[in-house]
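Shown next, in structure tokens, is the structure this report addresses.
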Amino acid sequence: MSGAQGSDLNRNPPRSGRLDHAEGASVPLHSRVREAQPRGAVINGDQPINQAEAAERFMAAPEHERMHDARLWDLRQKRDRQMHGITEWEDLRRLASEIKEHALTHLDHYLEQFETNARANGIHVHWAQDADEHNAIILSLLRDHGVKRLIKSKSMLTEECGFRDFMAESGVEVVETDLGERIQQLDDEAPSHVVVPAVHKLRSDVADVFARTLGTDPNDDDVHYLTEQQREKTRPLILDAQAGLTGANFVVAETGTFVVCTNEGNADLSANTPPLQIASIGIEKVIPRLEDLPVFVRLLSRSALGSPITQYTSHFRGPRRGGELHVVLVDNGRSERLGMEQFWTSLKCIRCGACMNTCPVFRRSGGLSYGATYAGPIGLIIDPTFNRHRYSSLPFSSTLNGSCTNVCPVKINIHEQIAGWRRVLAETHELPLMKKAMMREAGHLLSHPALYRAAIATADSALKHLPRFMVYNRLNTWGHGREVPAPPRETFHQWYAANRASGQGEPS
Ligand code: SF4
């Protein structure tokens with residue numbers, strides 16, 4: 001699953017009876033002007049990421065913001081249509097959540113069961129405690145087999161592990177086979193979305209990247225031209241690679257097999273072209289039985305792209321004849337997260353991206369503004385488990401509207417966990433001094449009702465009478481690009497005192 005935003009998703013209107021697939025029934029998106037692509041968050045060592053600053057730069061590029069918002073909202077609407085077409089949708093969500101919670105609370109058992117059955121199928125199973133171990137295991141496999149070039153399908157876990165950079169330093173060329181991920185690789189950028197890695201790019205951005213790296217015509221941003229050029233330049237590299245790496249969407253304990261879902265068939269290309277196949281898999285991907293799988297397959301693509309199923313749902317059962325298959329099961333902080341009472345259910349995530357597509361902050365600020373492997377609502381609750389200080393500002397990049405929780409196919413209480421992280425960060429002194437002082441004042445105000453009412457009355461009166469420049473100025477960053485709502489004629493308390501306190505209109 002991949003894509004660059006602003007592509008001619010559908011030049012022709014949908015024919016009747018056509019599937020409401022991600023690539024069908026979309027409103028055509030055209031950029032009005034060529035505009036430079038805004039870059040993501042500035043990474044400054046271990047300093048807290050300033051998501052707001054990067055988001056501001058993204059919003060200052062109106063074509064990018066408009067297309068990003070429209071493309072992701074389109075996916076959200078398609079997801080809704082698919083959901084309404086399945087009467088048992090809520091049952092599926094509940095079941096998926098229960099299966100995941102059961103698997104996670106019996107993780108040791110199911111991982112061992114998978115290992116035993118996978119070995120019986122002829123798969124070599126390795127265990128990696130962290131990113132370094134993951135990278136070292138794979139490098140050693142590649143060196144043992146004399147591999148100089150590895151082809152790879154999209155895997156967020158390898159992003160977590162800094163795999164591409166590590167391989168480049170070790171002298172192994174990595175070629176991405178997912179189109180969106182390949183665009184990002186050529187542009188030396190991380191994926192901005194877990195499903196559609198280049199969704200923040202306009203067609204003109206992709207034309208620029210390909211012109212710079214593949215020598216294509218910089219003025220031709222026709223999607224067919226760009227795709228064909230990319231295929232022609234990359235296909236020989238793929239055919240000549242000595243090893244292929246994929247991730248996995250699901251690992252089935254009872255069969256010792258794993259499943260990869262893509263729309264481009266690129267995982268199959270990575271797995272089936274070279275003789276050495278490797279799969280990097282997070283330990284939370286395990287599910288107990290094969291009969292559990294359809295629950296997730298029915299939810300995944302509908303939630304992600306609004307299509308009934310991915311084009312390819314590939315089951316890998318063992319090595320090809322004459323080949324080798326290695327699975328690396330990776331922890332990288334997952335066991336620790338499993339022990340976090342408030343946050344362990346974030347491990348249920350199946351990386352569908354629906355919470356990103358629905359999030360108003362994500363849609364308008366772009367995934368790279370988060371400066372982390374995982375962006376959007378799921379990122380806000382996962383990233384601080386990797387580095388609490390660096391990602392301390394991220395849980396504040398949310399309106400807490402709960403839409404992410406509503407669309408999550410595995411029923412993760414995302415917005416509650418975001419609020420939980422805010423509490424934890426305040427308790428562990430990870431907030432900037434200004435925010436801390438403001439929270440202290442807000443806490444004081446909210447715990448003194450008389451003071452609160454007086455402050456509201458003063459603010460309402462000030463908003464009514466102050467000249468505009470006193471409200472909208474450099475100091476009021478909230479008001480940049482937003483209007484403060486007009487103050488009501490009376491506050492709720494005034495209304496209540498007038499209409500209810502006297503007993504009038506009391507509900508019977
Ligand atoms: S948290 Fe839920 S909605 Fe978000 S990516 Fe994960 S499974 Fe999808």
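In the structure tokens, chains take the letters A, B, ... in the order shown, each chain's residues start at 1, and ligands count up from 1 in the order shown.
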For Ser97 in chain A, please output as number ranges by chain all residues within 10 Å (counting only C-alpha atoms; exclusion window: fewer than 6 positions along the same chain). A: 91, 103, 296, 345, 348-349, 408-412
Selected residues, C-alpha atoms, written as a PDB file, in the first residue's frame, please.
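File produced: out-v3.pdb:
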ATOM      1  CA  ASP A  91     -18.671  -7.446  16.438  1.00  0.00           C
ATOM      2  CA  ALA A 103      -2.561 -13.110  22.455  1.00  0.00           C
ATOM      3  CA  PHE A 296      -8.198  -9.000  10.876  1.00  0.00           C
ATOM      4  CA  THR A 345      -3.081  -2.098  24.695  1.00  0.00           C
ATOM      5  CA  LYS A 348      -2.897  -4.296  19.648  1.00  0.00           C
ATOM      6  CA  CYS A 349      -2.274  -1.884  16.752  1.00  0.00           C
ATOM      7  CA  CYS A 408      -9.638   2.038  15.491  1.00  0.00           C
ATOM      8  CA  PRO A 409     -10.446  -1.506  14.271  1.00  0.00           C
ATOM      9  CA  VAL A 410      -8.938  -3.096  17.384  1.00  0.00           C
ATOM     10  CA  LYS A 411     -10.602  -0.699  19.807  1.00  0.00           C
ATOM     11  CA  ILE A 412      -7.515   0.944  21.305  1.00  0.00           C
TER      12      ILE A 412
END
Compile a residue-level contact table for chain A against ligand 1 at a cut-off of 9 Å, reporting for every qualifying residue the shortest atom pair and its distance in Å to one decimal, with only C-alpha atoms and all ligand atoms counted, rows ordered by chain and ascending number, as a tab-separated table.
residue	atom	partner	partner_atom_place_in_ligand_line	distance
A:Val194	CA	ligand 1	5 (S)	7.5
A:Val195	CA	ligand 1	5 (S)	8.9
A:Leu300	CA	ligand 1	8 (Fe)	7.9
A:Ser303	CA	ligand 1	8 (Fe)	7.2
A:Ala304	CA	ligand 1	8 (Fe)	7.2
A:Ser346	CA	ligand 1	1 (S)	6.8
A:Leu347	CA	ligand 1	6 (Fe)	8.5
A:Lys348	CA	ligand 1	7 (S)	6.9
A:Cys349	CA	ligand 1	6 (Fe)	3.7
A:Ile350	CA	ligand 1	7 (S)	4.4
A:Arg351	CA	ligand 1	5 (S)	3.9
A:Cys352	CA	ligand 1	8 (Fe)	3.9
A:Gly353	CA	ligand 1	5 (S)	3.9
A:Ala354	CA	ligand 1	3 (S)	4.3
A:Cys355	CA	ligand 1	3 (S)	4.1
A:Met356	CA	ligand 1	4 (Fe)	6.5
A:Asn357	CA	ligand 1	3 (S)	8.7
A:Thr358	CA	ligand 1	3 (S)	9.0
A:Gly376	CA	ligand 1	4 (Fe)	8.1
A:Pro377	CA	ligand 1	4 (Fe)	6.6
A:Ile378	CA	ligand 1	1 (S)	4.7
A:Gly379	CA	ligand 1	1 (S)	8.4
A:Ile381	CA	ligand 1	1 (S)	9.0
A:Cys404	CA	ligand 1	3 (S)	6.2
A:Thr405	CA	ligand 1	3 (S)	7.1
A:Asn406	CA	ligand 1	3 (S)	8.4
A:Val407	CA	ligand 1	3 (S)	5.9
A:Cys408	CA	ligand 1	3 (S)	3.6
A:Pro409	CA	ligand 1	7 (S)	5.6
A:Val410	CA	ligand 1	7 (S)	5.7
A:Lys411	CA	ligand 1	2 (Fe)	6.7
A:Ile412	CA	ligand 1	2 (Fe)	6.0
A:Asn413	CA	ligand 1	1 (S)	8.5
A:Ile414	CA	ligand 1	1 (S)	6.7
Selected residues, C-alpha atoms, written as a short mmCIF file (atom, residue, chain, number, x, y, z; two decimals), in the first residue's frame, please.
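Written out: selection_22.cif:
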data_model
loop_
_atom_site.label_atom_id
_atom_site.label_comp_id
_atom_site.auth_asym_id
_atom_site.auth_seq_id
_atom_site.Cartn_x
_atom_site.Cartn_y
_atom_site.Cartn_z
CA VAL A 194 2.22 3.85 7.97
CA VAL A 195 0.18 2.86 4.90
CA LEU A 300 -7.38 -4.11 7.91
CA SER A 303 -9.97 0.60 7.86
CA ALA A 304 -6.80 1.57 6.00
CA SER A 346 -1.29 0.12 22.15
CA LEU A 347 0.39 -3.19 21.20
CA LYS A 348 -2.90 -4.30 19.65
CA CYS A 349 -2.27 -1.88 16.75
CA ILE A 350 -2.43 -3.48 13.29
CA ARG A 351 -0.96 -0.35 11.61
CA CYS A 352 -3.98 0.41 9.46
CA GLY A 353 -3.48 4.20 9.69
CA ALA A 354 -7.20 4.93 10.17
CA CYS A 355 -6.48 7.02 13.26
CA MET A 356 -4.14 9.18 11.16
CA ASN A 357 -6.63 9.62 8.35
CA THR A 358 -9.30 10.87 10.73
CA GLY A 376 -0.47 10.72 14.24
CA PRO A 377 -2.55 9.43 17.16
CA ILE A 378 -0.90 5.99 17.37
CA GLY A 379 2.50 7.70 17.30
CA ILE A 381 1.10 6.89 22.44
CA CYS A 404 -9.12 8.06 16.53
CA THR A 405 -10.60 5.77 19.15
CA ASN A 406 -13.88 5.54 17.24
CA VAL A 407 -12.26 4.36 14.00
CA CYS A 408 -9.64 2.04 15.49
CA PRO A 409 -10.45 -1.51 14.27
CA VAL A 410 -8.94 -3.10 17.38
CA LYS A 411 -10.60 -0.70 19.81
CA ILE A 412 -7.51 0.94 21.31
CA ASN A 413 -8.62 3.78 23.63
CA ILE A 414 -6.17 6.08 21.85
#
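One distance worth recording is that between CA of Arg235 in chain A and CA of Ala267 in chain A, which is 14.0 Å.
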Counting only C-alpha atoms, closest pick from A:Glu324, A:Arg149, A:Val259, A:Ile86 relative to Pro275 in chain A is A:Glu324
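Coordinates place CA of Val484 in chain A at a distance of 26.3 Å from CA of Ala498 in chain A.
Residues surrounding range 418-431 of chain A within 7 Å are Leu380, Ile381, His389, Ser392, Pro395, Ile414, His415, Glu416, Leu433, Lys435 and Lys436 of chain A [only C-alpha atoms; sequence separation below 2 positions excluded].
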Write out as a VMD selection string all residues of range 185-219 of chain A that DSSP puts in helix (DSSP H, G or I) for this structure's backbone. chain A and resid 185 to 186 203 to 214
From the DSSP assignment of the backbone, select every residue of range 53-203 of chain A that is strand (DSSP E or B), and format the answer as a VMD selection string. chain A and resid 124 to 128 149 to 152 173 to 176 198
Can you tell me how far CA of Val199 in chain A sits from CA of Thr385 in chain A, in Å to one decimal? 25.8 Å
Could you name the residues that touch Ser280 in chain A at 9 Å or less, counting only C-alpha atoms, but leaving out those on the same chain fewer than 2 positions away, as a ChimeraX atom specification? /A:134,155,157-158,245-248,278,282,326-330
Can you tell me, as an MDAnalysis selection string, what residues are no more than 12 Å from His64 in chain A when counting only C-alpha atoms, ignoring any on the same chain fewer than 3 positions away? chainID A and resid 4:6 29:39 55 57:61 67:71 198:205 363:366
Write to file, as a compact mmCIF listing (two decimals), in the first residue's frame, the residues of the selection just made, with N, CA and C atoms.
# COMPACT_ATOMS: atom_id res chain seq x y z
N ALA A 4 1.65 8.63 -3.68
CA ALA A 4 1.98 10.04 -3.53
C ALA A 4 0.70 10.82 -3.69
N GLN A 5 0.52 11.81 -2.84
CA GLN A 5 -0.71 12.58 -2.85
C GLN A 5 -0.81 13.42 -4.11
N GLY A 6 -2.01 13.61 -4.54
CA GLY A 6 -2.21 14.47 -5.67
C GLY A 6 -2.11 13.73 -6.98
N LEU A 29 -7.78 14.92 -7.64
CA LEU A 29 -7.06 15.98 -6.94
C LEU A 29 -6.04 16.60 -7.88
N HIS A 30 -6.08 17.87 -8.02
CA HIS A 30 -5.11 18.56 -8.86
C HIS A 30 -4.52 19.73 -8.09
N SER A 31 -3.22 19.84 -8.08
CA SER A 31 -2.63 21.00 -7.44
C SER A 31 -2.76 22.19 -8.39
N ARG A 32 -2.97 23.35 -7.79
CA ARG A 32 -3.17 24.55 -8.62
C ARG A 32 -1.85 25.17 -9.04
N VAL A 33 -0.91 25.13 -8.12
CA VAL A 33 0.40 25.71 -8.43
C VAL A 33 1.50 24.77 -7.96
N ARG A 34 2.66 24.93 -8.56
CA ARG A 34 3.82 24.15 -8.11
C ARG A 34 4.35 24.80 -6.83
N GLU A 35 4.59 24.01 -5.86
CA GLU A 35 4.95 24.58 -4.54
C GLU A 35 6.02 23.68 -3.94
N ALA A 36 7.03 24.27 -3.33
CA ALA A 36 8.09 23.47 -2.73
C ALA A 36 7.53 22.62 -1.59
N GLN A 37 8.03 21.40 -1.50
CA GLN A 37 7.54 20.51 -0.45
C GLN A 37 8.12 20.90 0.91
N PRO A 38 7.27 21.13 1.91
CA PRO A 38 7.82 21.46 3.23
C PRO A 38 8.52 20.24 3.83
N ARG A 39 9.62 20.45 4.50
CA ARG A 39 10.35 19.36 5.14
C ARG A 39 9.81 19.11 6.55
N ALA A 55 4.65 21.70 11.85
CA ALA A 55 3.26 21.74 11.35
C ALA A 55 2.97 23.12 10.76
N ARG A 57 5.04 25.05 9.28
CA ARG A 57 5.66 25.13 7.94
C ARG A 57 4.84 24.36 6.92
N PHE A 58 4.26 23.23 7.35
CA PHE A 58 3.43 22.44 6.43
C PHE A 58 2.17 23.24 6.05
N MET A 59 1.58 23.89 7.04
CA MET A 59 0.35 24.65 6.77
C MET A 59 0.64 25.91 5.94
N ALA A 60 1.88 26.36 6.01
CA ALA A 60 2.24 27.54 5.21
C ALA A 60 2.41 27.19 3.72
N ALA A 61 2.30 25.89 3.41
CA ALA A 61 2.34 25.44 2.00
C ALA A 61 0.91 25.00 1.66
N MET A 67 -4.15 19.24 -0.27
CA MET A 67 -4.16 17.90 -0.87
C MET A 67 -4.06 16.82 0.20
N HIS A 68 -3.22 17.05 1.17
CA HIS A 68 -3.02 16.06 2.23
C HIS A 68 -4.32 15.85 2.99
N ASP A 69 -4.94 16.94 3.35
CA ASP A 69 -6.21 16.89 4.08
C ASP A 69 -7.28 16.17 3.24
N ALA A 70 -7.38 16.56 1.97
CA ALA A 70 -8.43 15.98 1.12
C ALA A 70 -8.20 14.50 0.87
N ARG A 71 -6.94 14.13 0.61
CA ARG A 71 -6.64 12.72 0.30
C ARG A 71 -6.94 11.82 1.50
N ALA A 198 4.26 8.20 1.06
CA ALA A 198 4.60 9.46 0.37
C ALA A 198 3.35 10.33 0.20
N VAL A 199 2.37 10.13 1.05
CA VAL A 199 1.08 10.82 0.87
C VAL A 199 1.19 12.34 1.02
N HIS A 200 2.26 12.81 1.63
CA HIS A 200 2.44 14.25 1.82
C HIS A 200 3.02 14.92 0.58
N LYS A 201 3.37 14.11 -0.43
CA LYS A 201 4.01 14.68 -1.63
C LYS A 201 2.98 14.92 -2.73
N LEU A 202 3.15 16.01 -3.45
CA LEU A 202 2.37 16.26 -4.65
C LEU A 202 3.05 15.55 -5.83
N ARG A 203 2.31 15.43 -6.92
CA ARG A 203 2.91 14.84 -8.12
C ARG A 203 4.17 15.60 -8.53
N SER A 204 4.12 16.90 -8.39
CA SER A 204 5.28 17.71 -8.80
C SER A 204 6.49 17.41 -7.90
N ASP A 205 6.24 17.08 -6.64
CA ASP A 205 7.35 16.72 -5.75
C ASP A 205 8.01 15.43 -6.24
N ARG A 363 -3.94 15.43 9.61
CA ARG A 363 -4.29 15.76 8.22
C ARG A 363 -3.75 17.12 7.81
N ARG A 364 -3.64 18.01 8.77
CA ARG A 364 -3.21 19.37 8.42
C ARG A 364 -1.74 19.63 8.72
N SER A 365 -1.06 18.68 9.32
CA SER A 365 0.34 18.98 9.63
C SER A 365 1.32 18.01 8.98
N GLY A 366 0.82 16.92 8.39
CA GLY A 366 1.73 16.00 7.70
C GLY A 366 2.50 15.13 8.68
